[in-house]
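Raw contents of data_23.txt, compact mmCIF, C-alpha atoms:
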# COMPACT_ATOMS: atom_id res chain seq x y z
CA MET A 1 9.64 11.43 3.63
CA THR A 2 6.81 13.63 2.33
CA ALA A 3 3.38 12.51 3.52
CA PRO A 4 0.85 11.62 0.82
CA LYS A 5 -1.81 14.25 0.17
CA ILE A 6 -5.46 13.72 -0.73
CA HIS A 7 -7.48 15.99 -3.02
CA ARG A 8 -11.04 15.67 -4.28
CA LEU A 9 -12.40 17.04 -7.53
CA ALA A 10 -15.86 18.56 -7.70
CA THR A 11 -17.07 15.46 -9.58
CA GLY A 12 -16.17 13.22 -6.61
CA VAL A 13 -12.95 11.80 -8.08
CA THR A 14 -10.30 11.42 -5.36
CA LEU A 15 -6.59 12.09 -5.96
CA VAL A 16 -3.71 10.71 -3.91
CA CYS A 17 -0.30 12.29 -4.42
CA ASP A 18 2.53 10.31 -2.81
CA PRO A 19 5.93 11.84 -3.68
CA ALA A 20 8.90 9.54 -3.10
CA PRO A 21 12.27 11.36 -3.20
CA GLY A 22 15.11 9.50 -4.86
CA TYR A 23 12.99 7.68 -7.42
CA HIS A 24 13.30 8.27 -11.16
CA THR A 25 10.00 6.58 -11.97
CA LEU A 26 6.36 6.78 -10.96
CA ALA A 27 3.39 4.45 -10.58
CA LEU A 28 -0.14 5.53 -11.47
CA SER A 29 -3.22 3.56 -10.43
CA VAL A 30 -6.66 4.67 -11.57
CA VAL A 31 -8.97 2.52 -9.48
CA ALA A 32 -12.74 2.24 -9.68
CA GLY A 33 -14.29 0.98 -6.46
CA ARG A 34 -16.68 -1.31 -8.28
CA GLY A 35 -16.24 -4.70 -9.90
CA ALA A 36 -17.90 -8.05 -10.47
CA ARG A 37 -19.97 -7.82 -7.27
CA TRP A 38 -22.10 -5.16 -8.94
CA GLU A 39 -23.20 -7.56 -11.67
CA ASP A 40 -26.50 -9.38 -11.68
CA GLU A 41 -26.59 -12.92 -13.03
CA ALA A 42 -27.46 -11.79 -16.55
CA ARG A 43 -24.38 -9.52 -16.70
CA CYS A 44 -21.92 -11.97 -15.18
CA GLY A 45 -18.48 -11.18 -16.62
CA TRP A 46 -19.36 -7.78 -18.09
CA SER A 47 -16.88 -5.89 -15.87
CA HIS A 48 -14.00 -8.05 -17.04
CA LEU A 49 -15.17 -7.86 -20.67
CA LEU A 50 -15.33 -4.07 -20.39
CA GLU A 51 -11.77 -3.97 -19.04
CA HIS A 52 -10.67 -5.87 -22.16
CA MET A 53 -12.67 -3.67 -24.50
CA VAL A 54 -11.39 -0.27 -23.40
CA PHE A 55 -7.92 -1.30 -24.57
CA LYS A 56 -9.25 -1.92 -28.09
CA GLY A 57 -9.33 1.81 -28.74
CA ALA A 58 -9.87 4.97 -26.69
CA GLY A 59 -9.49 8.74 -27.04
CA GLY A 60 -8.76 8.51 -30.75
CA ARG A 61 -5.98 5.94 -30.33
CA SER A 62 -6.19 2.39 -31.65
CA ALA A 63 -5.31 -0.61 -29.50
CA ARG A 64 -1.81 -0.65 -30.97
CA GLU A 65 -1.34 3.10 -30.57
CA ILE A 66 -2.27 2.91 -26.87
CA VAL A 67 0.46 0.43 -25.98
CA GLU A 68 2.98 1.94 -28.39
CA ALA A 69 2.54 5.40 -26.83
CA VAL A 70 3.09 4.06 -23.33
CA GLU A 71 6.05 1.85 -24.23
CA ALA A 72 7.71 4.53 -26.40
CA ASP A 73 7.79 6.68 -23.27
CA GLY A 74 9.48 3.86 -21.29
CA GLY A 75 6.29 2.80 -19.54
CA GLN A 76 4.18 -0.28 -18.95
CA ILE A 77 0.40 -0.52 -18.74
CA ASN A 78 -1.88 -3.15 -17.24
CA ALA A 79 -5.34 -3.62 -15.75
CA ALA A 80 -7.21 -6.00 -13.46
CA THR A 81 -10.84 -6.68 -12.56
CA GLY A 82 -11.77 -7.96 -9.12
CA HIS A 83 -14.98 -8.45 -7.19
CA GLU A 84 -14.86 -4.98 -5.64
CA ARG A 85 -12.35 -2.98 -7.68
CA THR A 86 -11.25 -2.43 -11.26
CA SER A 87 -7.74 -1.05 -11.62
CA PHE A 88 -5.70 0.49 -14.43
CA GLN A 89 -1.96 0.74 -13.72
CA VAL A 90 0.86 2.53 -15.49
CA ARG A 91 4.55 2.46 -14.60
CA ALA A 92 6.49 5.28 -16.20
CA LEU A 93 9.73 7.22 -16.11
CA ALA A 94 9.82 10.57 -14.34
CA GLY A 95 7.98 13.06 -16.53
CA GLY A 96 5.61 10.41 -17.86
CA LEU A 97 2.60 11.42 -15.75
CA PRO A 98 0.78 13.60 -18.35
CA LEU A 99 0.72 10.79 -20.91
CA ALA A 100 -0.19 8.17 -18.29
CA LEU A 101 -3.11 10.28 -17.07
CA GLN A 102 -4.27 11.03 -20.62
CA ILE A 103 -4.33 7.39 -21.65
CA THR A 104 -6.01 6.08 -18.46
CA ALA A 105 -8.61 8.86 -18.66
CA ASP A 106 -9.33 7.83 -22.24
CA LEU A 107 -9.66 4.17 -21.23
CA VAL A 108 -12.05 4.93 -18.38
CA LEU A 109 -14.06 7.77 -19.90
CA ARG A 110 -13.65 7.69 -23.70
CA PRO A 111 -13.33 4.12 -25.02
CA LYS A 112 -14.37 3.42 -28.61
CA LEU A 113 -16.23 0.14 -27.89
CA ASP A 114 -16.45 -0.88 -31.54
CA GLU A 115 -18.97 -3.65 -32.31
CA GLU A 116 -16.54 -5.62 -34.51
CA ASP A 117 -13.88 -5.44 -31.79
CA LEU A 118 -16.49 -6.54 -29.27
CA ALA A 119 -17.38 -9.66 -31.27
CA ARG A 120 -13.72 -10.62 -31.50
CA GLU A 121 -13.02 -9.91 -27.85
CA LYS A 122 -15.90 -12.07 -26.69
CA ASN A 123 -14.15 -14.93 -28.45
CA VAL A 124 -10.85 -14.00 -26.77
CA VAL A 125 -12.51 -14.00 -23.34
CA ALA A 126 -14.18 -17.32 -24.15
CA GLN A 127 -10.69 -18.74 -24.70
CA GLU A 128 -9.58 -17.24 -21.40
CA ILE A 129 -12.56 -18.91 -19.69
CA ALA A 130 -11.69 -22.22 -21.34
CA GLU A 131 -8.05 -21.91 -20.31
CA ALA A 132 -9.07 -21.33 -16.67
CA ALA A 133 -11.41 -24.34 -16.80
CA ASP A 134 -8.56 -26.45 -18.16
CA THR A 135 -6.29 -25.42 -15.27
CA PRO A 136 -7.24 -27.58 -12.26
CA ASP A 137 -5.65 -25.37 -9.61
CA ASP A 138 -7.65 -22.42 -10.99
CA GLN A 139 -10.94 -24.23 -11.52
CA VAL A 140 -11.04 -25.70 -8.01
CA PHE A 141 -11.10 -22.18 -6.54
CA GLU A 142 -14.03 -21.25 -8.77
CA LEU A 143 -15.88 -24.36 -7.57
CA ALA A 144 -15.19 -23.52 -3.92
CA GLN A 145 -16.26 -19.89 -4.31
CA ALA A 146 -19.49 -20.95 -6.01
CA ALA A 147 -20.21 -23.39 -3.18
CA ALA A 148 -19.50 -20.76 -0.51
CA PHE A 149 -21.70 -18.03 -2.05
CA THR A 150 -24.32 -19.90 -4.03
CA GLY A 151 -26.37 -17.74 -6.39
CA GLN A 152 -24.56 -14.52 -5.43
CA PRO A 153 -22.11 -12.25 -7.26
CA LEU A 154 -19.26 -13.40 -5.00
CA GLY A 155 -20.00 -16.95 -6.09
CA ARG A 156 -19.93 -16.24 -9.82
CA PRO A 157 -16.76 -16.20 -11.94
CA ILE A 158 -15.20 -12.79 -12.58
CA LEU A 159 -14.46 -13.92 -16.14
CA GLY A 160 -18.13 -14.66 -16.72
CA VAL A 161 -19.52 -17.41 -18.91
CA PRO A 162 -20.05 -17.26 -22.69
CA HIS A 163 -23.86 -17.15 -22.57
CA THR A 164 -23.92 -14.09 -20.26
CA LEU A 165 -21.33 -12.25 -22.35
CA ALA A 166 -23.18 -12.85 -25.62
CA PRO A 167 -25.94 -10.18 -25.11
CA ALA A 168 -23.45 -7.38 -24.33
CA ASP A 169 -23.52 -4.83 -27.16
CA ARG A 170 -21.85 -1.45 -27.48
CA ARG A 171 -24.66 0.57 -25.95
CA ALA A 172 -25.23 -1.78 -23.01
CA LEU A 173 -21.51 -2.03 -22.28
CA ASP A 174 -21.08 1.75 -22.37
CA ALA A 175 -23.95 2.16 -19.90
CA TRP A 176 -22.25 -0.40 -17.68
CA ARG A 177 -19.01 1.58 -17.97
CA GLU A 178 -20.72 4.71 -16.64
CA THR A 179 -21.94 2.76 -13.63
CA LEU A 180 -18.74 0.86 -12.97
CA TYR A 181 -16.30 3.75 -13.39
CA ALA A 182 -18.50 6.43 -11.82
CA PRO A 183 -16.50 9.37 -10.38
CA ASP A 184 -17.79 8.98 -6.82
CA ARG A 185 -15.90 5.66 -6.64
CA LEU A 186 -12.88 6.63 -8.72
CA VAL A 187 -9.43 7.14 -7.17
CA ILE A 188 -6.36 8.41 -9.01
CA SER A 189 -3.27 7.45 -7.02
CA VAL A 190 0.31 8.33 -7.96
CA ALA A 191 3.49 7.36 -6.12
CA GLY A 192 7.11 8.16 -6.96
CA ASP A 193 8.52 11.12 -8.88
CA VAL A 194 5.30 13.13 -9.04
CA ASP A 195 4.63 16.87 -9.13
CA GLU A 196 1.52 17.66 -7.09
CA ASP A 197 0.55 20.79 -9.04
CA LEU A 198 0.89 18.96 -12.34
CA LEU A 199 -1.22 16.08 -11.04
CA LEU A 200 -3.99 18.43 -9.89
CA ARG A 201 -4.00 20.40 -13.14
CA ASP A 202 -4.07 17.40 -15.46
CA ALA A 203 -6.52 15.37 -13.38
CA GLU A 204 -8.96 18.27 -13.30
CA ALA A 205 -8.68 18.71 -17.05
CA LEU A 206 -9.04 15.02 -17.86
CA PHE A 207 -11.42 13.70 -15.15
CA GLY A 208 -13.26 16.88 -14.12
CA ALA A 209 -16.23 16.29 -16.40
CA ALA A 210 -16.94 12.67 -15.47
CA ARG A 211 -20.64 11.81 -15.30
CA ALA A 212 -22.13 10.34 -12.14
CA PRO A 213 -25.04 7.90 -12.63
CA ASP A 214 -27.41 6.91 -9.86
CA ALA A 215 -25.50 5.27 -7.02
CA PHE A 216 -26.32 1.76 -5.85
CA ALA A 217 -24.65 -0.91 -3.74
CA PRO A 218 -24.71 -4.68 -4.10
CA GLU A 219 -26.52 -6.80 -1.57
CA SER A 220 -24.56 -8.11 1.38
CA ALA A 221 -23.07 -11.54 0.79
CA VAL A 222 -24.16 -14.60 2.75
CA PHE A 223 -21.81 -17.55 3.19
CA THR A 224 -24.17 -20.39 2.31
CA GLY A 225 -21.61 -23.19 2.20
CA GLY A 226 -21.72 -26.54 0.47
CA ALA A 227 -19.54 -29.07 -1.29
CA ALA A 228 -18.65 -29.54 -4.94
CA PHE A 229 -16.88 -32.40 -6.70
CA GLU A 230 -15.77 -32.39 -10.31
CA ARG A 231 -14.38 -35.62 -11.67
CA ARG A 232 -11.27 -35.25 -13.81
CA ARG A 233 -8.70 -37.75 -15.03
CA LEU A 234 -5.66 -36.21 -13.35
CA GLU A 235 -2.59 -37.42 -11.53
CA GLN A 236 -3.47 -35.23 -8.54
CA ALA A 237 -6.61 -34.25 -6.68
CA HIS A 238 -6.99 -30.52 -6.00
CA LEU A 239 -8.82 -29.48 -2.84
CA VAL A 240 -10.03 -26.18 -1.39
CA PHE A 241 -11.72 -25.80 2.01
CA LEU A 242 -13.38 -22.53 3.09
CA LEU A 243 -14.76 -21.21 6.37
CA PRO A 244 -16.62 -17.89 6.79
CA GLY A 245 -14.43 -15.08 8.10
CA PRO A 246 -14.56 -11.38 9.02
CA ALA A 247 -14.78 -8.43 6.64
CA LEU A 248 -12.09 -5.88 5.78
CA THR A 249 -13.22 -3.38 8.40
CA ASP A 250 -14.10 -5.93 11.10
CA GLN A 251 -12.27 -5.67 14.43
CA ASP A 252 -11.16 -9.28 13.93
CA TYR A 253 -9.46 -8.60 10.61
CA TRP A 254 -5.89 -8.74 11.93
CA PRO A 255 -6.49 -11.84 14.10
CA PHE A 256 -7.96 -13.33 10.91
CA ARG A 257 -4.87 -12.53 8.87
CA LEU A 258 -2.58 -13.89 11.59
CA LEU A 259 -4.70 -17.03 11.85
CA ALA A 260 -4.15 -17.74 8.15
CA GLU A 261 -0.44 -16.98 8.43
CA ALA A 262 0.09 -19.28 11.42
CA LEU A 263 -2.09 -22.01 9.91
CA GLY A 264 -0.58 -22.18 6.45
CA GLY A 265 1.32 -19.06 5.50
CA GLY A 266 4.78 -20.49 5.08
CA MET A 267 7.14 -23.41 5.53
CA SER A 268 7.04 -23.12 9.32
CA SER A 269 3.23 -23.09 9.45
CA ARG A 270 1.16 -25.84 11.05
CA LEU A 271 -0.21 -27.19 7.78
CA PHE A 272 3.14 -27.30 6.03
CA GLN A 273 4.92 -28.94 8.94
CA GLU A 274 2.17 -31.47 9.67
CA ILE A 275 0.81 -32.36 6.25
CA ARG A 276 3.86 -32.03 4.05
CA GLU A 277 6.79 -32.58 6.38
CA ARG A 278 5.44 -35.11 8.91
CA LEU A 279 2.71 -36.94 6.98
CA GLY A 280 4.04 -36.45 3.45
CA LEU A 281 0.53 -36.08 2.03
CA ALA A 282 1.03 -33.06 -0.21
CA TYR A 283 3.69 -31.15 -2.09
CA ALA A 284 1.66 -27.90 -2.16
CA ILE A 285 -0.46 -26.75 0.76
CA ASP A 286 -1.22 -23.28 2.09
CA ALA A 287 -3.82 -21.20 3.84
CA TYR A 288 -5.05 -17.71 3.01
CA ALA A 289 -7.41 -15.04 4.31
CA GLU A 290 -9.53 -13.14 1.78
CA ALA A 291 -11.83 -10.32 2.82
CA TRP A 292 -14.35 -8.02 1.16
CA TRP A 293 -16.36 -5.07 2.49
CA ASP A 294 -18.92 -7.25 4.27
CA THR A 295 -17.49 -10.76 4.65
CA GLY A 296 -14.41 -12.92 4.28
CA VAL A 297 -13.18 -16.49 3.94
CA LEU A 298 -10.42 -18.55 5.47
CA GLY A 299 -9.18 -20.85 2.74
CA VAL A 300 -6.91 -23.87 2.52
CA TYR A 301 -5.63 -25.25 -0.78
CA ALA A 302 -3.82 -28.56 -1.28
CA GLY A 303 -2.90 -30.91 -4.10
CA CYS A 304 -2.37 -34.58 -3.35
CA THR A 305 -2.58 -38.16 -4.58
CA PRO A 306 -6.32 -38.93 -5.03
CA THR A 307 -6.27 -41.84 -2.60
CA ASP A 308 -4.78 -39.55 0.08
CA ALA A 309 -7.43 -36.82 -0.30
CA GLY A 310 -9.69 -38.04 2.51
CA ARG A 311 -6.83 -38.41 4.95
CA LEU A 312 -5.50 -34.98 4.00
CA ALA A 313 -8.94 -33.41 4.50
CA GLU A 314 -9.13 -34.87 7.99
CA ALA A 315 -5.65 -33.57 8.80
CA VAL A 316 -6.56 -30.06 7.63
CA ALA A 317 -9.71 -30.09 9.77
CA HIS A 318 -7.69 -31.33 12.74
CA GLU A 319 -5.18 -28.47 12.43
CA ILE A 320 -7.91 -25.84 12.13
CA LYS A 321 -9.75 -27.26 15.11
CA ALA A 322 -6.54 -27.43 17.18
CA MET A 323 -6.22 -23.66 16.87
CA THR A 324 -9.27 -23.22 19.09
CA ALA A 325 -6.78 -23.88 21.90
CA GLY A 326 -4.77 -20.89 20.73
CA VAL A 327 -1.48 -20.26 18.99
CA SER A 328 1.84 -20.58 20.77
CA VAL A 329 3.67 -17.37 21.63
CA VAL A 330 6.53 -18.39 19.33
CA ALA A 331 4.23 -19.22 16.39
CA LEU A 332 2.27 -15.99 16.83
CA ALA A 333 5.46 -13.90 16.98
CA ARG A 334 6.64 -15.54 13.76
CA ALA A 335 3.30 -14.89 12.05
CA LYS A 336 3.38 -11.25 13.16
CA ALA A 337 6.91 -10.83 11.83
CA GLN A 338 5.94 -12.30 8.46
CA LEU A 339 2.81 -10.16 8.15
CA LYS A 340 4.62 -6.96 9.09
CA ALA A 341 7.48 -7.78 6.73
CA SER A 342 4.98 -8.18 3.89
CA LEU A 343 3.31 -4.92 4.88
CA PHE A 344 6.52 -2.86 4.93
CA MET A 345 8.07 -4.55 1.88
CA SER A 346 5.02 -3.70 -0.21
CA GLY A 347 5.52 -0.07 0.82
CA GLU A 348 8.89 -0.17 -0.92
CA SER A 349 7.21 -0.88 -4.27
CA LEU A 350 5.79 2.18 -6.02
CA SER A 351 3.12 0.11 -7.75
CA ALA A 352 2.00 -1.41 -4.46
CA ARG A 353 2.00 2.00 -2.76
CA ALA A 354 -0.21 3.55 -5.42
CA GLU A 355 -2.58 0.59 -5.47
CA GLN A 356 -2.81 0.28 -1.67
CA ALA A 357 -3.46 3.99 -1.22
CA ALA A 358 -6.39 3.79 -3.64
CA ALA A 359 -7.74 0.72 -1.84
CA GLN A 360 -7.51 2.45 1.55
CA ILE A 361 -9.45 5.46 0.25
CA LEU A 362 -12.16 3.18 -1.09
CA VAL A 363 -12.38 1.03 2.06
CA PHE A 364 -11.64 3.46 4.90
CA GLY A 365 -12.17 6.86 3.28
CA GLU A 366 -8.65 7.88 4.35
CA LEU A 367 -5.02 6.81 4.25
CA VAL A 368 -3.77 4.63 7.10
CA PRO A 369 -0.01 4.55 7.78
CA ALA A 370 1.72 1.18 7.80
CA SER A 371 2.78 1.86 11.38
CA ALA A 372 -0.88 1.87 12.48
CA PHE A 373 -1.43 -1.52 10.86
CA ALA A 374 1.75 -2.80 12.49
CA GLU A 375 0.50 -1.67 15.92
CA ALA A 376 -2.79 -3.46 15.31
CA ILE A 377 -0.90 -6.62 14.35
CA ASP A 378 1.27 -6.43 17.47
CA ALA A 379 -1.82 -6.05 19.67
CA VAL A 380 -3.32 -9.40 18.62
CA THR A 381 -3.25 -12.02 21.38
CA PRO A 382 -3.36 -15.84 21.17
CA GLU A 383 -6.75 -15.66 22.89
CA ALA A 384 -8.15 -13.41 20.14
CA ILE A 385 -7.19 -15.96 17.49
CA ALA A 386 -8.59 -18.86 19.54
CA GLU A 387 -11.90 -17.02 20.01
CA LEU A 388 -12.11 -16.23 16.30
CA VAL A 389 -11.50 -19.84 15.23
CA THR A 390 -14.04 -21.06 17.78
CA ARG A 391 -16.70 -18.73 16.33
CA MET A 392 -15.85 -19.69 12.77
CA ILE A 393 -16.22 -23.39 13.51
CA GLY A 394 -19.27 -22.74 15.67
CA ALA A 395 -21.11 -21.24 12.70
CA ARG A 396 -21.16 -24.82 11.32
CA ARG A 397 -20.84 -23.63 7.75
CA PHE A 398 -18.07 -24.61 5.40
CA ALA A 399 -17.47 -24.91 1.68
CA ALA A 400 -15.31 -27.48 -0.05
CA ALA A 401 -14.34 -28.19 -3.62
CA VAL A 402 -12.57 -31.28 -4.88
CA LEU A 403 -11.40 -31.68 -8.46
CA GLY A 404 -9.81 -34.93 -9.57
CA PRO A 405 -10.33 -38.70 -9.81
CA ARG A 406 -13.18 -40.46 -8.01
CA PRO A 407 -11.12 -41.75 -5.04
CA ALA A 408 -10.92 -38.13 -3.84
CA ALA A 409 -14.69 -37.63 -3.87
CA ASP A 410 -15.30 -38.16 -0.14
CA ALA A 411 -12.73 -35.56 1.01
CA ALA A 412 -15.37 -32.91 1.72
CA ARG A 413 -17.43 -35.30 3.85
CA ARG A 414 -14.38 -36.36 5.85
CA PHE A 415 -13.35 -32.73 6.37
CA GLU A 416 -16.83 -31.92 7.70
CA GLN A 417 -16.96 -34.94 10.00
CA ARG A 418 -13.54 -34.23 11.48
CA LEU A 419 -14.11 -30.48 11.91
CA TYR A 420 -17.45 -30.82 13.68
CA ALA A 421 -16.89 -34.11 15.52
For the file at hand, write its structure as C-alpha cells.
Amino acid sequence: MTAPKIHRLATGVTLVCDPAPGYHTLALSVVAGRGARWEDEARCGWSHLLEHMVFKGAGGRSAREIVEAVEADGGQINAATGHERTSFQVRALAGGLPLALQITADLVLRPKLDEEDLAREKNVVAQEIAEAADTPDDQVFELAQAAAFTGQPLGRPILGVPHTLAPADRRALDAWRETLYAPDRLVISVAGDVDEDLLLRDAEALFGAARAPDAFAPESAVFTGGAAFERRRLEQAHLVFLLPGPALTDQDYWPFRLLAEALGGGMSSRLFQEIRERLGLAYAIDAYAEAWWDTGVLGVYAGCTPTDAGRLAEAVAHEIKAMTAGVSVVALARAKAQLKASLFMSGESLSARAEQAAAQILVFGELVPASAFAEAIDAVTPEAIAELVTRMIGARRFAAAVLGPRPAADAARRFEQRLYA
C-alpha cells in the first residue's frame, strides 16, 4: 500500500494524497479547521448558514448546476458543519477529481451569496431549527450541551437561532467566509484512485490564491455544569448526563474512549446489561466520549418511562461510580477489540480515510497510522481507566438534561445525589 503524502501550498493550504490501488472511485474532503466555536453569541449559527448558502450558487454555477454537474459525472456531494470543522465531501468515479476540486474550490472561495437566496435560506434553516426542536432525542442533547458549557460557543446550537441569523447579510457572511475557510486552516484530502501530480497541479491553480485574514483562536471552554428540564407531553422521558472529560490530544484520550465503550458502547456494556437487560428500565441506552481541542465530555443517553427516570438516573450514576474500582480484564479486552475494529473498519472506507486524514492534520499537524492508535489502545490498563473516572467524579461537576413529562423532573437531582454520595 502506498503511504499518503502531504504537500503544502504557499498560501498555507495543506494537501493529503492517499492513493488506494484497486479502487475505481475516489473521495475528496475539503476541510476547514474552523466551525461554530469561532462564533460569538451574535453570530450563533452563521457557520452553518454559510455552509447552506455556498450551495446556492458558486463559480458561475447555479444551485441546480452544481449538483447536476457532480451527479452527471457519477458523483455525490455533501457538507457538514461542526464545532471545530466545516467539511465539504465529494465521492466520484476515477477521473472525477478535476471537477470535484473545481466545484469545492468554488464553494469555499467563490460563492455567489445572493441576497434573495439568503432570505429564503434563512427560512429553510429556521425550519431545520424547528424540526430539531420537535425531535426530543435531538433537543435533549442541545439542552445538555447548553448546561455543560453555559454562555460559551460549545454550549450554543450549531444550527443557531432565528434572531442571530436575521442580521446576516451578504457582505457580513462573505467576511465570515474568509475567516472560517482561511487557507492556514484548510486541508484538501483525497483517497482512492488519485493521481498525485494532477492533484498538486489543480489544487495550486484553484486554491493557490486564497486570502488569509488575521488569525484568531476561540477561548478555551470551561465545563460549568448544571441541570435543565423541559416539560413535554411525551410517552417517554429523554435523559442525557454529562461529565467533563479529556481533550483530543490529552494523554488520557484513549482511556477515555475505552471508558465510554466499556460503560455503554454496545450490548455487552455495563449500562446495557444492567439497565436494559436486568432492570428493564430502558429500550435505548448508550454512552459516548466526545472530545474537542481543549476539553471533552463523557455522555450517557437514555429514553424511559417518565416514572422510571429517577430510578434510571440513579442506576446510571451507580454504574459510572462502580468504574472507579476499575474494569475487568475481560470487559477491557472486549472494549479494546471493539474500538480497534471501528478504527480499522473506518480505514476501509475512502470517505472516512479522506476525512480522518484531514482531521489528523488539523489536530496533530501530521498523519498518524492506525497501528499507532491501536498500540495506544492496547497499552491502556484497568488502573488508568479507574484513575480517570475517579478524577472525573472528583471534579464534582456534571450536566444533565431531562425532556419529558413532569414525573421525570427529579432525575438530575437523583443522578447527582447517587454519583456524589
Closest of A:Glu39, A:Leu248, A:Met53, A:Leu200 to Arg120 of chain A - atom-to-atom distances counting all atoms listed in the file: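 Smallest separation from Arg120 of chain A among the options: A:Met53.
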Residue list as a ChimeraX atom specification for point (-14.0, -6.7, 12.4), cut-off 12 Å, all atoms listed in the file: /A:245-257,291-296,384,388
Residues within 6 Å of (0.1, 16.6, -14.8), counting only C-alpha atoms, listed as a ChimeraX atom specification: /A:97-98,198-199,201-202
Nearest to Asp18 of chain A by atom-to-atom distance, counting only C-alpha atoms, from A:Asp195, A:Asp184, A:Glu219, A:Glu230: A:Asp195
Select from segment 39-75 of chain A every residue with an atom at most 10 Å from any atom of segment 148-158 of chain A, then for each give the shortest pair of atoms and their distance in Å to one decimal, using only C-alpha atoms, rows by chain and rising number, as a tab-separated table.
residue	atom	partner	partner_atom	distance
A:Glu39	CA	A:Pro153	CA	6.5
A:Asp40	CA	A:Pro153	CA	6.9
A:Glu41	CA	A:Pro153	CA	7.3
A:Cys44	CA	A:Arg156	CA	7.1
A:Gly45	CA	A:Ile158	CA	5.4
A:Trp46	CA	A:Ile158	CA	8.5
A:Ser47	CA	A:Ile158	CA	7.8
A:His48	CA	A:Ile158	CA	6.6
A:Leu49	CA	A:Ile158	CA	9.5
Kindly save the residues from that selection, with C-alpha atoms included, as a PDB file, in the frame of the given file.
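Below you can see part31.pdb, which holds the result:
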ATOM      1  CA  GLU A  39     -23.200  -7.560 -11.670  1.00  0.00           C
ATOM      2  CA  ASP A  40     -26.500  -9.380 -11.680  1.00  0.00           C
ATOM      3  CA  GLU A  41     -26.590 -12.920 -13.030  1.00  0.00           C
ATOM      4  CA  CYS A  44     -21.920 -11.970 -15.180  1.00  0.00           C
ATOM      5  CA  GLY A  45     -18.480 -11.180 -16.620  1.00  0.00           C
ATOM      6  CA  TRP A  46     -19.360  -7.780 -18.090  1.00  0.00           C
ATOM      7  CA  SER A  47     -16.880  -5.890 -15.870  1.00  0.00           C
ATOM      8  CA  HIS A  48     -14.000  -8.050 -17.040  1.00  0.00           C
ATOM      9  CA  LEU A  49     -15.170  -7.860 -20.670  1.00  0.00           C
TER      10      LEU A  49
END
Pick from A:Val380, A:Ala408, A:Leu263, A:Leu234, whichever lies nearest to Asp308 of chain A using all atoms listed in the file: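 Of all the options, A:Ala408 lies closest to Asp308 of chain A.
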Selection near segment 235-238 of chain A, 9 Å with all atoms listed in the file, sequence-local residues under 6 positions removed, as number ranges by chain: A: 136-137, 140, 301-309, 401-405, 407-408
Given all atoms listed in the file as the counted atoms, nearest of A:Thr381, A:Ala395, A:Pro167, A:Val90 to Val330 of chain A: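 Nearest candidate to Val330 of chain A out of A:Thr381, A:Ala395, A:Pro167, A:Val90: A:Thr381.
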Pairwise distance for atom CA of Lys56 of chain A and atom CA of Ala191 of chain A, rounded to one decimal in Å: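 Those two atoms sit 27.0 Å apart.
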Interatomic distance, atom CA of Gln76 of chain A to atom CA of Gly33 of chain A (Å, one decimal):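 Interatomic distance, atom CA of Gln76 of chain A to atom CA of Gly33 of chain A: 22.3 Å.
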Nearest-residue call for Tyr181 of chain A, choices A:Arg37, A:Arg85, A:Arg233, A:Arg334, using all atoms listed in the file: A:Arg85
Distance criterion (all atoms listed in the file): nearest to Leu28 of chain A out of A:Ala322, A:Ala72, A:Ala63, A:Leu350: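 For Leu28 of chain A, the nearest of the given residues is A:Leu350.
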For segment 133-144 of chain A, which lacks atoms in the input, supply N, CA and C atoms and format the output as a PDB file, keeping the file's coordinate frame.
ATOM      1  N   ALA A 133     -10.723 -23.068 -17.084  1.00  0.00           N
ATOM      2  CA  ALA A 133     -11.410 -24.340 -16.800  1.00  0.00           C
ATOM      3  C   ALA A 133     -10.483 -25.526 -16.993  1.00  0.00           C
ATOM      4  N   ASP A 134      -9.509 -25.373 -17.894  1.00  0.00           N
ATOM      5  CA  ASP A 134      -8.560 -26.450 -18.160  1.00  0.00           C
ATOM      6  C   ASP A 134      -7.401 -26.479 -17.160  1.00  0.00           C
ATOM      7  N   THR A 135      -7.364 -25.513 -16.255  1.00  0.00           N
ATOM      8  CA  THR A 135      -6.290 -25.420 -15.270  1.00  0.00           C
ATOM      9  C   THR A 135      -6.843 -25.841 -13.914  1.00  0.00           C
ATOM     10  N   PRO A 136      -6.578 -27.053 -13.468  1.00  0.00           N
ATOM     11  CA  PRO A 136      -7.240 -27.580 -12.260  1.00  0.00           C
ATOM     12  C   PRO A 136      -7.070 -26.704 -11.025  1.00  0.00           C
ATOM     13  N   ASP A 137      -5.851 -26.168 -10.819  1.00  0.00           N
ATOM     14  CA  ASP A 137      -5.650 -25.370  -9.610  1.00  0.00           C
ATOM     15  C   ASP A 137      -6.183 -23.945  -9.747  1.00  0.00           C
ATOM     16  N   ASP A 138      -6.806 -23.612 -10.867  1.00  0.00           N
ATOM     17  CA  ASP A 138      -7.650 -22.420 -10.990  1.00  0.00           C
ATOM     18  C   ASP A 138      -9.119 -22.795 -10.806  1.00  0.00           C
ATOM     19  N   GLN A 139      -9.539 -23.834 -11.520  1.00  0.00           N
ATOM     20  CA  GLN A 139     -10.940 -24.230 -11.520  1.00  0.00           C
ATOM     21  C   GLN A 139     -11.437 -24.637 -10.144  1.00  0.00           C
ATOM     22  N   VAL A 140     -10.584 -25.253  -9.332  1.00  0.00           N
ATOM     23  CA  VAL A 140     -11.040 -25.700  -8.010  1.00  0.00           C
ATOM     24  C   VAL A 140     -11.407 -24.514  -7.122  1.00  0.00           C
ATOM     25  N   PHE A 141     -10.738 -23.370  -7.312  1.00  0.00           N
ATOM     26  CA  PHE A 141     -11.100 -22.180  -6.540  1.00  0.00           C
ATOM     27  C   PHE A 141     -12.448 -21.631  -6.980  1.00  0.00           C
ATOM     28  N   GLU A 142     -12.719 -21.692  -8.280  1.00  0.00           N
ATOM     29  CA  GLU A 142     -14.030 -21.250  -8.770  1.00  0.00           C
ATOM     30  C   GLU A 142     -15.136 -22.140  -8.190  1.00  0.00           C
ATOM     31  N   LEU A 143     -14.896 -23.438  -8.137  1.00  0.00           N
ATOM     32  CA  LEU A 143     -15.880 -24.360  -7.570  1.00  0.00           C
ATOM     33  C   LEU A 143     -16.129 -24.067  -6.098  1.00  0.00           C
ATOM     34  N   ALA A 144     -15.051 -23.798  -5.354  1.00  0.00           N
ATOM     35  CA  ALA A 144     -15.190 -23.520  -3.920  1.00  0.00           C
ATOM     36  C   ALA A 144     -15.930 -22.216  -3.682  1.00  0.00           C
TER      37      ALA A 144
END
